[in-house]
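Student: See run.cif below, with mmCIF, C-alpha atoms, pLDDT in the B column; chains and numbers go by the auth columns.
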data_protein
loop_
_atom_site.group_PDB
_atom_site.id
_atom_site.type_symbol
_atom_site.label_atom_id
_atom_site.label_comp_id
_atom_site.label_asym_id
_atom_site.label_seq_id
_atom_site.Cartn_x
_atom_site.Cartn_y
_atom_site.Cartn_z
_atom_site.B_iso_or_equiv
_atom_site.auth_seq_id
_atom_site.auth_asym_id
ATOM 1 C CA MET A 1 0.000 0.000 0.000 57.00 1 R
ATOM 2 C CA LYS A 2 2.871 2.387 0.812 58.00 2 R
ATOM 3 C CA LYS A 3 4.426 1.779 -2.616 63.00 3 R
ATOM 4 C CA ILE A 4 1.137 2.589 -4.358 58.00 4 R
ATOM 5 C CA PHE A 5 0.688 5.787 -2.323 54.00 5 R
ATOM 6 C CA PHE A 6 4.275 6.847 -3.050 57.00 6 R
ATOM 7 C CA ARG A 7 3.832 6.244 -6.792 58.00 7 R
ATOM 8 C CA ILE A 8 0.613 8.275 -6.863 55.00 8 R
ATOM 9 C CA LEU A 9 2.363 11.133 -5.013 55.00 9 R
ATOM 10 C CA VAL A 10 5.289 11.086 -7.448 56.00 10 R
ATOM 11 C CA ILE A 11 2.915 11.092 -10.438 55.00 11 R
ATOM 12 C CA ILE A 12 0.869 14.011 -9.079 53.00 12 R
ATOM 13 C CA CYS A 13 3.923 16.114 -8.228 57.00 13 R
ATOM 14 C CA GLY A 14 5.643 15.148 -11.483 55.00 14 R
ATOM 15 C CA MET A 15 2.618 15.956 -13.634 49.00 15 R
ATOM 16 C CA SER A 16 2.397 19.408 -12.097 48.00 16 R
ATOM 17 C CA PHE A 17 5.582 20.314 -13.994 47.00 17 R
ATOM 18 C CA LEU A 18 3.659 19.707 -17.220 46.00 18 R
ATOM 19 C CA PHE A 19 1.201 22.531 -16.513 44.00 19 R
ATOM 20 C CA PRO A 20 1.834 25.665 -18.543 42.00 20 R
ATOM 21 C CA LEU A 21 4.336 27.886 -16.806 40.00 21 R
ATOM 22 C CA ALA A 22 3.120 31.061 -18.490 37.00 22 R
ATOM 23 C CA ALA A 23 1.760 32.368 -15.222 40.00 23 R
ATOM 24 C CA SER A 24 2.188 35.773 -13.696 40.00 24 R
ATOM 25 C CA ALA A 25 4.995 36.411 -11.226 42.00 25 R
ATOM 26 C CA SER A 26 2.568 36.287 -8.295 51.00 26 R
ATOM 27 C CA ASP A 27 1.805 32.645 -9.103 67.00 27 R
ATOM 28 C CA HIS A 28 5.390 31.725 -8.202 86.00 28 R
ATOM 29 C CA GLU A 29 5.053 32.488 -4.511 92.00 29 R
ATOM 30 C CA LYS A 30 8.007 31.696 -2.253 96.00 30 R
ATOM 31 C CA THR A 31 7.605 31.656 1.526 97.00 31 R
ATOM 32 C CA LEU A 32 10.103 31.153 4.335 98.00 32 R
ATOM 33 C CA GLY A 33 8.743 30.670 7.824 98.00 33 R
ATOM 34 C CA VAL A 34 8.722 29.199 11.293 98.00 34 R
ATOM 35 C CA GLY A 35 6.083 27.244 13.113 98.00 35 R
ATOM 36 C CA GLY A 36 5.341 25.398 16.277 98.00 36 R
ATOM 37 C CA GLY A 37 2.779 23.059 17.666 98.00 37 R
ATOM 38 C CA PHE A 38 2.051 19.637 19.110 97.00 38 R
ATOM 39 C CA ALA A 39 3.357 16.178 18.165 95.00 39 R
ATOM 40 C CA THR A 40 1.207 13.227 19.207 94.00 40 R
ATOM 41 C CA HIS A 41 3.926 10.531 19.196 88.00 41 R
ATOM 42 C CA ASN A 42 5.478 11.731 22.455 89.00 42 R
ATOM 43 C CA HIS A 43 2.762 14.257 23.416 94.00 43 R
ATOM 44 C CA ALA A 44 5.127 17.225 23.293 95.00 44 R
ATOM 45 C CA GLY A 45 5.658 20.520 21.548 97.00 45 R
ATOM 46 C CA PHE A 46 7.757 20.963 18.433 97.00 46 R
ATOM 47 C CA GLY A 47 9.269 23.756 16.363 98.00 47 R
ATOM 48 C CA LYS A 48 9.951 23.827 12.638 98.00 48 R
ATOM 49 C CA LEU A 49 11.410 25.808 9.751 98.00 49 R
ATOM 50 C CA PHE A 50 9.672 25.614 6.386 98.00 50 R
ATOM 51 C CA PHE A 51 10.035 26.821 2.826 98.00 51 R
ATOM 52 C CA GLN A 52 7.212 26.829 0.285 97.00 52 R
ATOM 53 C CA TYR A 53 7.468 27.315 -3.455 97.00 53 R
ATOM 54 C CA SER A 54 4.474 27.503 -5.801 94.00 54 R
ATOM 55 C CA PHE A 55 5.794 26.679 -9.241 86.00 55 R
ATOM 56 C CA VAL A 56 2.275 26.549 -10.731 88.00 56 R
ATOM 57 C CA PRO A 57 -0.872 28.184 -9.293 84.00 57 R
ATOM 58 C CA LEU A 58 -2.413 25.058 -7.722 91.00 58 R
ATOM 59 C CA VAL A 59 0.697 23.135 -6.628 94.00 59 R
ATOM 60 C CA ARG A 60 3.469 24.020 -4.237 95.00 60 R
ATOM 61 C CA ILE A 61 6.283 22.047 -2.714 97.00 61 R
ATOM 62 C CA SER A 62 7.011 22.486 0.975 97.00 62 R
ATOM 63 C CA PRO A 63 10.161 21.052 2.560 98.00 63 R
ATOM 64 C CA GLU A 64 10.433 21.438 6.327 97.00 64 R
ATOM 65 C CA ILE A 65 12.636 20.392 9.228 98.00 65 R
ATOM 66 C CA GLY A 66 11.599 20.237 12.842 97.00 66 R
ATOM 67 C CA TYR A 67 12.619 19.336 16.355 97.00 67 R
ATOM 68 C CA VAL A 68 10.259 17.637 18.810 94.00 68 R
ATOM 69 C CA PHE A 69 10.988 18.614 22.400 95.00 69 R
ATOM 70 C CA ARG A 70 11.740 16.021 25.064 91.00 70 R
ATOM 71 C CA HIS A 71 8.810 14.488 26.935 90.00 71 R
ATOM 72 C CA ASP A 72 8.839 11.149 28.782 84.00 72 R
ATOM 73 C CA ASN A 73 12.547 10.888 27.860 85.00 73 R
ATOM 74 C CA THR A 74 11.697 10.894 24.121 87.00 74 R
ATOM 75 C CA THR A 75 12.788 13.535 21.629 90.00 75 R
ATOM 76 C CA GLY A 76 12.922 13.626 17.844 91.00 76 R
ATOM 77 C CA PHE A 77 13.865 15.292 14.581 94.00 77 R
ATOM 78 C CA GLU A 78 11.651 15.269 11.507 94.00 78 R
ATOM 79 C CA ALA A 79 12.147 16.251 7.887 96.00 79 R
ATOM 80 C CA SER A 80 9.365 16.264 5.303 96.00 80 R
ATOM 81 C CA ILE A 81 8.819 17.166 1.688 97.00 81 R
ATOM 82 C CA ASP A 82 5.127 17.735 1.100 97.00 82 R
ATOM 83 C CA CYS A 83 3.102 18.757 -1.927 97.00 83 R
ATOM 84 C CA HIS A 84 0.334 21.251 -1.139 97.00 84 R
ATOM 85 C CA PHE A 85 -2.593 21.827 -3.466 96.00 85 R
ATOM 86 C CA PRO A 86 -3.875 25.272 -2.390 96.00 86 R
ATOM 87 C CA PHE A 87 -7.054 26.829 -3.649 93.00 87 R
ATOM 88 C CA ARG A 88 -8.639 30.129 -2.768 94.00 88 R
ATOM 89 C CA VAL A 89 -11.694 29.981 -0.509 94.00 89 R
ATOM 90 C CA ALA A 90 -12.083 33.739 -0.007 94.00 90 R
ATOM 91 C CA LYS A 91 -9.959 36.829 -0.510 93.00 91 R
ATOM 92 C CA GLY A 92 -6.768 36.343 1.506 94.00 92 R
ATOM 93 C CA PHE A 93 -7.714 32.816 2.598 96.00 93 R
ATOM 94 C CA LYS A 94 -6.610 29.509 1.062 96.00 94 R
ATOM 95 C CA PHE A 95 -7.218 25.872 1.966 97.00 95 R
ATOM 96 C CA TYR A 96 -4.843 23.086 0.963 97.00 96 R
ATOM 97 C CA PRO A 97 -4.778 19.314 1.185 98.00 97 R
ATOM 98 C CA LEU A 98 -1.256 17.893 1.399 97.00 98 R
ATOM 99 C CA ALA A 99 0.595 14.659 0.738 97.00 99 R
ATOM 100 C CA GLY A 100 4.279 13.924 1.025 97.00 100 R
ATOM 101 C CA ILE A 101 7.151 11.877 2.315 97.00 101 R
ATOM 102 C CA THR A 102 8.710 12.178 5.744 96.00 102 R
ATOM 103 C CA PHE A 103 11.721 10.980 7.674 94.00 103 R
ATOM 104 C CA ASN A 104 12.164 11.133 11.413 91.00 104 R
ATOM 105 C CA THR A 105 14.360 9.862 14.165 90.00 105 R
ATOM 106 C CA TRP A 106 13.208 9.399 17.741 86.00 106 R
ATOM 107 C CA SER A 107 15.478 8.749 20.680 85.00 107 R
ATOM 108 C CA THR A 108 15.042 7.915 24.308 80.00 108 R
ATOM 109 C CA GLN A 109 17.737 8.126 26.931 76.00 109 R
ATOM 110 C CA GLY A 110 20.138 5.207 26.521 68.00 110 R
ATOM 111 C CA GLU A 111 18.686 4.094 23.174 74.00 111 R
ATOM 112 C CA ASN A 112 20.159 4.522 19.706 68.00 112 R
ATOM 113 C CA HIS A 113 18.602 6.798 17.124 75.00 113 R
ATOM 114 C CA GLN A 114 16.756 5.043 14.346 75.00 114 R
ATOM 115 C CA LEU A 115 15.808 6.789 11.088 83.00 115 R
ATOM 116 C CA ARG A 116 12.376 5.882 9.727 89.00 116 R
ATOM 117 C CA GLY A 117 10.612 6.904 6.559 93.00 117 R
ATOM 118 C CA GLY A 118 6.924 7.227 5.837 95.00 118 R
ATOM 119 C CA PHE A 119 4.177 9.285 4.274 96.00 119 R
ATOM 120 C CA ASP A 120 2.359 12.472 5.266 96.00 120 R
ATOM 121 C CA ILE A 121 -1.288 13.211 4.633 97.00 121 R
ATOM 122 C CA GLY A 122 -3.252 16.182 5.938 98.00 122 R
ATOM 123 C CA GLY A 123 -4.284 19.722 5.201 97.00 123 R
ATOM 124 C CA GLY A 124 -4.127 23.318 6.248 98.00 124 R
ATOM 125 C CA PHE A 125 -5.221 26.915 5.852 97.00 125 R
ATOM 126 C CA ASP A 126 -3.313 30.051 4.864 97.00 126 R
ATOM 127 C CA LEU A 127 -4.427 33.496 6.000 97.00 127 R
ATOM 128 C CA TYR A 128 -2.707 36.317 4.091 97.00 128 R
ATOM 129 C CA LEU A 129 -2.228 39.251 6.464 96.00 129 R
ATOM 130 C CA THR A 130 -0.368 41.397 3.909 95.00 130 R
ATOM 131 C CA GLN A 131 1.222 40.814 0.511 94.00 131 R
ATOM 132 C CA SER A 132 4.384 39.639 2.265 96.00 132 R
ATOM 133 C CA LEU A 133 3.111 37.958 5.448 97.00 133 R
ATOM 134 C CA LYS A 134 0.849 34.968 6.051 97.00 134 R
ATOM 135 C CA LEU A 135 -0.288 32.743 8.904 98.00 135 R
ATOM 136 C CA SER A 136 -0.676 28.995 8.392 97.00 136 R
ATOM 137 C CA LEU A 137 -2.579 26.420 10.409 98.00 137 R
ATOM 138 C CA GLN A 138 -1.703 22.854 9.461 98.00 138 R
ATOM 139 C CA GLY A 139 -2.413 19.323 10.608 98.00 139 R
ATOM 140 C CA LYS A 140 -0.936 16.149 9.192 97.00 140 R
ATOM 141 C CA TYR A 141 -0.489 12.511 10.045 96.00 141 R
ATOM 142 C CA SER A 142 2.886 10.866 9.452 94.00 142 R
ATOM 143 C CA ALA A 143 2.301 7.184 8.752 94.00 143 R
ATOM 144 C CA MET A 144 5.331 5.051 9.525 90.00 144 R
ATOM 145 C CA LYS A 145 6.260 1.870 11.355 85.00 145 R
ATOM 146 C CA GLU A 146 6.166 2.219 15.178 82.00 146 R
ATOM 147 C CA THR A 147 6.621 6.012 15.259 83.00 147 R
ATOM 148 C CA GLY A 148 3.636 7.361 13.337 87.00 148 R
ATOM 149 C CA GLY A 149 1.695 10.281 14.732 91.00 149 R
ATOM 150 C CA GLY A 150 0.092 13.621 14.140 95.00 150 R
ATOM 151 C CA PHE A 151 1.701 17.056 13.882 96.00 151 R
ATOM 152 C CA PHE A 152 -0.514 20.096 14.458 98.00 152 R
ATOM 153 C CA ASP A 153 1.026 23.539 14.146 97.00 153 R
ATOM 154 C CA LEU A 154 0.638 27.254 13.629 98.00 154 R
ATOM 155 C CA GLY A 155 3.199 29.034 11.477 98.00 155 R
ATOM 156 C CA ILE A 156 4.090 32.472 10.212 98.00 156 R
ATOM 157 C CA GLY A 157 5.806 33.007 6.895 98.00 157 R
ATOM 158 C CA TYR A 158 7.446 35.810 4.947 98.00 158 R
ATOM 159 C CA ILE A 159 6.425 35.865 1.273 96.00 159 R
ATOM 160 C CA PHE A 160 9.073 37.064 -1.178 93.00 160 R
#
Re-express the file's structure as structure tokens.
Tutor:
Amino acid sequence: MKKIFFRILVIICGMSFLFPLAASASDHEKTLGVGGGFATHNHAGFGKLFFQYSFVPLVRISPEIGYVFRHDNTTGFEASIDCHFPFRVAKGFKFYPLAGITFNTWSTQGENHQLRGGFDIGGGFDLYLTQSLKLSLQGKYSAMKETGGGFFDLGIGYIF
């Protein structure tokens, strides 16, 4: 099932490059931001850095890295590359479903780190405060062996 999901994700993201690129400059939005929220695997807070690039109007790629703070002697790092499919709901407000791949490593005191890979699925909202500033609310589930869990966060990003 994971192989099928991964193939579908690759096809969707790959096909987006075939869309006409004769879009206006505003369609190629780039955002750099920070976020924070709650991770369900160890029931702790986390912080992240993210970058988003919309190379066509309805598809953007969003790599991110994050650190999950220690709780019950468990801490972790996560890195994801997600594809967002944003569409406008109202002026200054967008909704997006997301799908992607993720890697994380969790450690407890006295135990070795183990890198695991999996898939992300979820969604979020963007609220454009100005032409160069937006707030994001996002929730996603990272499906992976033994360490799967949800990540729910609020972020702020600078659009350039």
Student: Tell me which of R:Val56, R:Ile61, R:Met144, R:Leu127 sits closest to Arg88 (chain R), counting all atoms listed in the file.
Tutor: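 Distance minimum relative to Arg88 (chain R) lands on R:Leu127.
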Student: Counting only C-alpha atoms, write as a compact mmCIF listing (two decimals) with C-alpha atoms, in the frame of the given file all protein and nucleic acid residues lying at most 7 Å from (-1.7, 12.1, 15.3) in the file's frame.
Tutor:
# COMPACT_ATOMS: atom_id res chain seq x y z
CA THR R 40 1.21 13.23 19.21
CA TYR R 141 -0.49 12.51 10.04
CA GLY R 149 1.70 10.28 14.73
CA GLY R 150 0.09 13.62 14.14
CA PHE R 151 1.70 17.06 13.88
Student: What is the distance between CA of His41 (chain R) and CA of Asn73 (chain R), in Å to one decimal?
Tutor: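 Taking CA of His41 (chain R) and CA of Asn73 (chain R), their separation equals 12.2 Å.
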Student: Identify all residues satisfying the PyMOL selection byres ((chain R and resi 131-138) around 8) in the given file; provide them as a VMD selection string.
Tutor: chain R and resid 122 to 130 139 to 140 152 to 160
Student: Run the PyMOL selection byres ((chain R and resi 53) around 6) mentally over the shown coordinates, then write out the matched residues as a list in words, using the chain letters and numbers from the document.
Tutor: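 Selection result, ordered by chain and number: Glu29, Lys30, Gln52, Ser54, Arg60 and Ile61 of chain R.
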Student: Identify which of the residues R:Gly92, R:Glu78, R:Thr105, R:His84 lies closest to Pro57 (chain R), counting only C-alpha atoms when measuring atom-to-atom distances.
Tutor: R:His84
Student: For each of R:Phe38, R:Gly76, R:Ile121, R:Phe46, take the minimum atom-to-atom distance to Leu98 (chain R), counting all atoms listed in the file, then give the residue where this is smallest.
Tutor: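 Closest residue, counting all atoms listed in the file: R:Ile121.
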Student: List the neighbours of Ile101 (chain R) out to 6 Å using all atoms listed in the file; skip same-chain residues closer than 5 positions along the sequence, and give me the result as a JSON list (two decimals) with C-alpha atoms, in the coordinates of the input.
Tutor:
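Saved result, out-v4.json, follows:
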[["chain", "number", "residue", "atom", "x", "y", "z"],
["R", 80, "SER", "CA", 9.36, 16.26, 5.30],
["R", 81, "ILE", "CA", 8.82, 17.17, 1.69],
["R", 118, "GLY", "CA", 6.92, 7.23, 5.84],
["R", 119, "PHE", "CA", 4.18, 9.28, 4.27],
["R", 120, "ASP", "CA", 2.36, 12.47, 5.27]]
Student: Draw an axis-aligned box over all listed atoms of region 69-74 of chain R, pad each side with 8 Å, and write its centre and edge lengths in Å, one decimal, as JSON.
Tutor:
{"center_x": 10.7, "center_y": 14.8, "center_z": 25.6, "size_x": 19.7, "size_y": 23.7, "size_z": 22.4}
Student: Decode the PyMOL selection byres ((chain R and resi 66) around 6) for the given file into explicit residues and return them as a list of chain:residue names.
Tutor: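 Applying the expression gives R:Gly47, R:Lys48, R:Ile65, R:Tyr67, R:Phe77, R:Glu78.
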Student: Could you check how far CA of Ala143 (chain R) sits from CA of Leu58 (chain R), in Å to one decimal?
Tutor: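 Answer for the CA of Ala143 (chain R) to CA of Leu58 (chain R) separation: 24.8 Å.
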Student: When you draw a straight line from CA of Ser107 (chain R) to CA of Cys83 (chain R), how long is it in Å?
Tutor: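 Here the two named atoms are 27.6 Å from each other.
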